[in-house]
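Everything on this sheet refers to the single structure shown next.
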Amino acid sequence: MNTKPTLAQLGWRPFFQQQLTLEELTDFQIGRVVEQHRSGAIVMSEQGQVSLMQSPQSERLCVGDWVLFDDNLKLHRLLDRQSLFERKAPGSKLDTQLIASNVDSLLVVCSLNNDFNLSRIERYLALAKDAEVEPVIVLTKEDQCGDADEKRKQVQDLDPFMMVHAINALDPEHLKELSGYCSLGKTLALVGSSGVGKSTLVNGLMGFEAQLTAGIREDDSKGRHTTTSRALKWMPQGGLLMDTPGMRELQLTDCEKGVNDTFSEITELADQCRFADCQHGSEPGCAIQAALSEGTLAERRFISYQKLLREQAFNGATLAEKRTKDKAFGKMISSIQNESRQRKKGF
């Protein structure tokens with residue numbers, strides 16, 4: 001990345017400019033988070049790269065955020081995000097994990113080997129559409145697949161207006177198909193399971209071996225994680241590339257809109273059901289069941305829709321319950337502290 005880039009090169013646009021007051025323009029520096037570590041954030045500004053000081057009370061930051069900071073490298077405030085990707089934290093932990101912000105296009109990477117999975121692609125599409133970010137499907141290892149055109153058609157059928165590319169990430173001519181997403185000031189993010197060729201794709205877009213690559217197990221086409229941190233990288237075309245660790249435990253939270261947008265034909269059918277509260281099972285006049293019987297709606301597609309809708313609703317409710325408990329616990333601690341102070345005053 002340039003040592004002292006312009007704000008335009010970092011992806012600055014009117015959406016962020018309009019949030020600033022005249023005082024802030026005078027008193028603070030503008031920067032973008034290019035790396036996120038447990039110890040803090042690395043920010044790039046027109047003055048260069050700095051490590052930002054954050055207090056325990058500071059808002060959570062993630063790669064892609066725009067921030068204001070003072071000459072002492074202390075965070076002043078986080079600017080409103082144009083887009084945000086987040087998920088339920090992996091495992092049983094009840095919390096959300098920020099993935100990336102202010103992304104223009106999301107490259108959903110899926111290999112054309114045994115790991116090819118339409119339902120997984122739909123999961124990523126729901127994530128992208130809920131964040132109102134353009135999803136772009138990149139099907140890798142095209143040179144190793146005998147039915148690449150058929151699989152590409154299956155993906156395109158998910159959304160006729162979606163951009164779908166079947167490529168060999170080691171072929172420079174194939175990579176040219178993606179150049180339109182990599183232009184000056186554009187921010188591109190990659191997601192996908194481990195072993196699908198994200199690191200190879202990153203190296204191709206960067207023009208050098210920016211990341212190590214690892215082989216896959218021949219028995220199940222699964223791969224090993226080679227990306228362990230999130231960071232913005234500057235591409236030769238001028239755009240910014242954000243790679244994320246393989247998301248084996250991607251879980252949706254509070255993204256009903258994203259799920260409905262991904263399965264828009266199903267939500268349109270639901271509006272045609274005889275009863276407004278139709279559960280799309282054995283109820284009479286169910287338009288979805290009729291479409292399934294007629295073969296105009298694939299059963300796999302409907303099952304995937306129901307699964308993702310249940311998942312996001314459950315995770316969203318679980319997190320909401322946790323936030324309510326945390327708030328109640330905070331009030332209890334505050335009350336105990338106040339009582340303690342009052343007792344001390346009495347002595």
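Scheme for the structure tokens: letters A, B, ... for chains in order shown; per-chain residue numbers from 1; ligand numbers from 1 in order shown.
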(Q) Which residues are near Gln36 in chain A? Cut-off 7 Å, only C-alpha atoms, ignore same chain within fewer than 6 positions. Put them as a PyMOL selection string. (A) chain A and resi 42+62-63+230-231
Q: Find the residues near Gln272 in chain A: any atom within 8 Å, counting only C-alpha atoms, skip ones fewer than 2 places away on the same chain, and give them as number ranges by chain.
A: A: 268-270, 274, 286-287
**Q.** DSSP alpha helix (DSSP H) residues within range 150-310 of chain A, listed as number ranges by chain
**A.** A: 150-156, 172-175, 198-206, 256-262, 264-270, 287-294, 299-310
(Q) I'd like the contact shell of His76 in chain A - 12 Å cut-off, only C-alpha atoms, skipping same-chain residues fewer than 2 positions apart - returned as a list in words. (A)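 Near His76 in chain A, the qualifying residues are Glu24, Asp27, Phe28, Gln29, Ile30, Gly31, Leu52, Met53, Gln54, Ser55, Gln57, Ser58, Glu59, Trp66, Val67, Leu68, Phe69, Asp70, Asp71, Asn72, Leu73, Lys74, Leu78 and Leu79 of chain A.
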Q) Mind pulling up the distance from CA of Ser105 in chain A to CA of Leu170 in chain A? A)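 The value is 21.5 Å.
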Q) With only C-alpha atoms as the basis for distance, which of A:Leu61, A:Val43, A:Leu112, A:Ile303 is at the shortest distance from Leu98 in chain A? A)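 Checking each of A:Leu61, A:Val43, A:Leu112, A:Ile303 against Leu98 in chain A, counting only C-alpha atoms, the winner is A:Leu61.
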Q.
as an NGL selection string, please: the residues near Pro5 in chain A (cut-off 9 Å, only C-alpha atoms, same-chain neighbours under 5 positions excluded).
A. :A and (10 or 44-48)
Export of prior selection with N, CA, C and O atoms as a PDB file, in the first residue's frame:
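Everything below was put into part.pdb:
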```pdb
ATOM      1  N   LEU A  10      -8.017   5.570  -0.887  1.00  0.00           N
ATOM      2  CA  LEU A  10      -8.455   4.722   0.213  1.00  0.00           C
ATOM      3  C   LEU A  10      -9.952   4.414   0.171  1.00  0.00           C
ATOM      4  O   LEU A  10     -10.452   3.650   0.997  1.00  0.00           O
ATOM      5  N   MET A  44      -4.621   3.840   8.074  1.00  0.00           N
ATOM      6  CA  MET A  44      -3.901   4.521   7.013  1.00  0.00           C
ATOM      7  C   MET A  44      -4.594   5.851   6.723  1.00  0.00           C
ATOM      8  O   MET A  44      -5.819   5.901   6.580  1.00  0.00           O
ATOM      9  N   SER A  45      -3.799   6.923   6.666  1.00  0.00           N
ATOM     10  CA  SER A  45      -4.336   8.244   6.346  1.00  0.00           C
ATOM     11  C   SER A  45      -3.417   8.903   5.322  1.00  0.00           C
ATOM     12  O   SER A  45      -2.427   8.311   4.891  1.00  0.00           O
ATOM     13  N   GLU A  46      -3.733  10.136   4.965  1.00  0.00           N
ATOM     14  CA  GLU A  46      -2.886  10.862   4.027  1.00  0.00           C
ATOM     15  C   GLU A  46      -1.520  11.183   4.631  1.00  0.00           C
ATOM     16  O   GLU A  46      -0.582  11.517   3.916  1.00  0.00           O
ATOM     17  N   GLN A  47      -1.404  11.061   5.952  1.00  0.00           N
ATOM     18  CA  GLN A  47      -0.132  11.306   6.620  1.00  0.00           C
ATOM     19  C   GLN A  47       0.692  10.029   6.780  1.00  0.00           C
ATOM     20  O   GLN A  47       1.831  10.067   7.228  1.00  0.00           O
ATOM     21  N   GLY A  48       0.108   8.885   6.429  1.00  0.00           N
ATOM     22  CA  GLY A  48       0.814   7.617   6.557  1.00  0.00           C
ATOM     23  C   GLY A  48       0.091   6.650   7.471  1.00  0.00           C
ATOM     24  O   GLY A  48      -1.059   6.863   7.856  1.00  0.00           O
TER      25      GLY A  48
END
```
Q. Could you pull out all residues of range 6-199 of chain A with a DSSP call of strand (DSSP E) and give them as a PyMOL selection string?
A. chain A and resi 29-37+40-45+48-52+66-69+75-78+84-88+96-101+105-111+134-140+163-166+187-191
Q. Lys186 in chain A: which residues within 10 Å, counting only C-alpha atoms, same-chain residues fewer than 6 positions away excluded, as a VMD selection string?
A. chain A and resid 8 to 12 102 to 105 180 237 to 241
Q: Find the spatial neighbours of Leu252 in chain A, counting only C-alpha atoms, within a cut-off of 9 Å - ignore same-chain residues fewer than 3 positions away - and output them as a list in words.
A: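 Counting only C-alpha atoms, the residues come to Glu86, Arg87, Lys88, Arg123, Ala126, Leu127, Cys255, Leu308, Leu309, Glu311, Gln312, Ala313, Asn315 and Gly316 of chain A.
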May I have the selected residues written with C-alpha atoms, as an mmCIF file, in the first residue's frame?
```
data_model
loop_
_atom_site.group_PDB
_atom_site.id
_atom_site.type_symbol
_atom_site.label_atom_id
_atom_site.label_comp_id
_atom_site.auth_asym_id
_atom_site.auth_seq_id
_atom_site.Cartn_x
_atom_site.Cartn_y
_atom_site.Cartn_z
ATOM 1 C CA GLU A 86 -21.131 -9.325 10.800
ATOM 2 C CA ARG A 87 -21.943 -12.809 11.987
ATOM 3 C CA LYS A 88 -22.661 -14.749 15.132
ATOM 4 C CA ARG A 123 -25.928 -18.353 2.713
ATOM 5 C CA ALA A 126 -28.102 -13.538 2.218
ATOM 6 C CA LEU A 127 -25.174 -12.004 4.092
ATOM 7 C CA CYS A 255 -30.887 -10.708 8.465
ATOM 8 C CA LEU A 308 -31.638 -19.925 6.754
ATOM 9 C CA LEU A 309 -34.795 -18.148 7.940
ATOM 10 C CA GLU A 311 -31.198 -19.897 11.703
ATOM 11 C CA GLN A 312 -31.168 -16.118 11.531
ATOM 12 C CA ALA A 313 -34.318 -15.886 13.667
ATOM 13 C CA ASN A 315 -29.490 -16.551 16.475
ATOM 14 C CA GLY A 316 -31.068 -13.096 16.469
#
```
(Q) Show me, as a PyMOL selection string, the residues that have an atom within 6 Å of range 159-167 of chain A when counting only C-alpha atoms, minus same-chain residues fewer than 5 positions from it. (A) chain A and resi 136-140+142+174
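Between Thr296 in chain A and the residues A:Thr26, A:Gly195, A:Glu265, A:Ser51, the shortest atom-to-atom distance, using only C-alpha atoms, involves A:Glu265.
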Q: Tell me, in Å to one decimal, how far CA of Gly204 in chain A is from CA of Met235 in chain A.
A: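 Interatomic distance here is 9.9 Å.
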Q: Report the distance between CA of Trp234 in chain A and CA of Leu190 in chain A in Å, rounded to one decimal place.
A: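 CA of Leu190 in chain A lies at a distance of 14.0 Å from CA of Trp234 in chain A.
Distance annotation: of A:Leu205, A:Leu184, A:Leu297, A:Ala131, the residue with the minimal separation from Leu7 in chain A is A:Leu184; atom set is only C-alpha atoms.
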Q: Would you please work out which residue, of A:Asp277, A:Leu188, A:Thr262, A:Cys182, is nearest to Val108 in chain A when using only C-alpha atoms?
A: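 Looking only at the distances to Val108 in chain A, the closest residue turns out to be A:Leu188.
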